[in-house]
Amino acid sequence: MADARNDERLAGRLVAVAALGLVLIVPPLLAQFDRADRVFGVPLLWAYLYIVWAVVIALVAVIGGRSR
């Protein structure tokens with residue numbers, strides 16, 4: 001019974017991370033970063049997308065690491 005509860009929590013957290021990732025890449029939010037500015041020579045939009053991608057992967061790794 002405890003394993004089922006842990007699996008439900010894990011699934012809930014992963015769904016929350018997926019929802020967060022989806023919200024962070026919706027077009028209205030992306031439009032805020034679509035400028036000619038550059039971060040370390042990389043366009044701001046691309047830097048934002050890579051940072052969001054890295055954060056989502058890191059969160060999944062942290063959540064998955066805790067489940068062991």
# chains A, B, ... in the order shown; residues from 1 in each chain; ligands from 1
>>> residues_around(residues="Ile25 in chain A", least_positions_apart="5", cutoff="12 Å", atoms="only C-alpha atoms", output="list in words")
Ala18, Ala19, Leu20, Leu30, Ala31, Gln32, Phe33, Leu45, Trp46, Tyr48, Leu49, Tyr50, Ile51, Val52, Trp53 and Val56 of chain A
>>> write_last_selection(atoms="C-alpha atoms", output="PDB file, in the first residue's frame")
ATOM      1  CA  ALA A  18       5.488  18.424 -17.383  1.00  0.00           C
ATOM      2  CA  ALA A  19       2.769  21.028 -16.846  1.00  0.00           C
ATOM      3  CA  LEU A  20       5.362  23.561 -15.722  1.00  0.00           C
ATOM      4  CA  LEU A  30       7.860  32.992 -25.542  1.00  0.00           C
ATOM      5  CA  ALA A  31       6.910  36.269 -27.203  1.00  0.00           C
ATOM      6  CA  GLN A  32       8.327  38.079 -24.165  1.00  0.00           C
ATOM      7  CA  PHE A  33      11.774  36.693 -24.995  1.00  0.00           C
ATOM      8  CA  LEU A  45      14.823  33.345 -27.066  1.00  0.00           C
ATOM      9  CA  TRP A  46      17.214  30.437 -27.603  1.00  0.00           C
ATOM     10  CA  TYR A  48      15.474  31.002 -22.540  1.00  0.00           C
ATOM     11  CA  LEU A  49      14.460  27.768 -24.274  1.00  0.00           C
ATOM     12  CA  TYR A  50      17.708  26.027 -23.334  1.00  0.00           C
ATOM     13  CA  ILE A  51      17.413  27.176 -19.722  1.00  0.00           C
ATOM     14  CA  VAL A  52      13.811  25.940 -19.490  1.00  0.00           C
ATOM     15  CA  TRP A  53      14.843  22.644 -21.064  1.00  0.00           C
ATOM     16  CA  VAL A  56      12.857  20.593 -16.597  1.00  0.00           C
TER      17      VAL A  56
END
>>> atom_distance(atom1="CA of Val17 in chain A", atom2="CA of Leu59 in chain A")
7.1 Å
>>> select_by_dssp(residues="chain A", states="alpha helix (DSSP H)", output="PyMOL selection string")
chain A and resi 2-24+27-31+44-66
>>> atom_distance(atom1="CA of Asp3 in chain A", atom2="CA of Ala54 in chain A")
29.3 Å
>>> atom_distance(atom1="CA of Leu24 in chain A", atom2="CA of Ala36 in chain A")
19.9 Å
>>> select_by_dssp(residues="chain A", states="strand (DSSP E or B)", output="number ranges by chain")
A: 38-39, 42-43
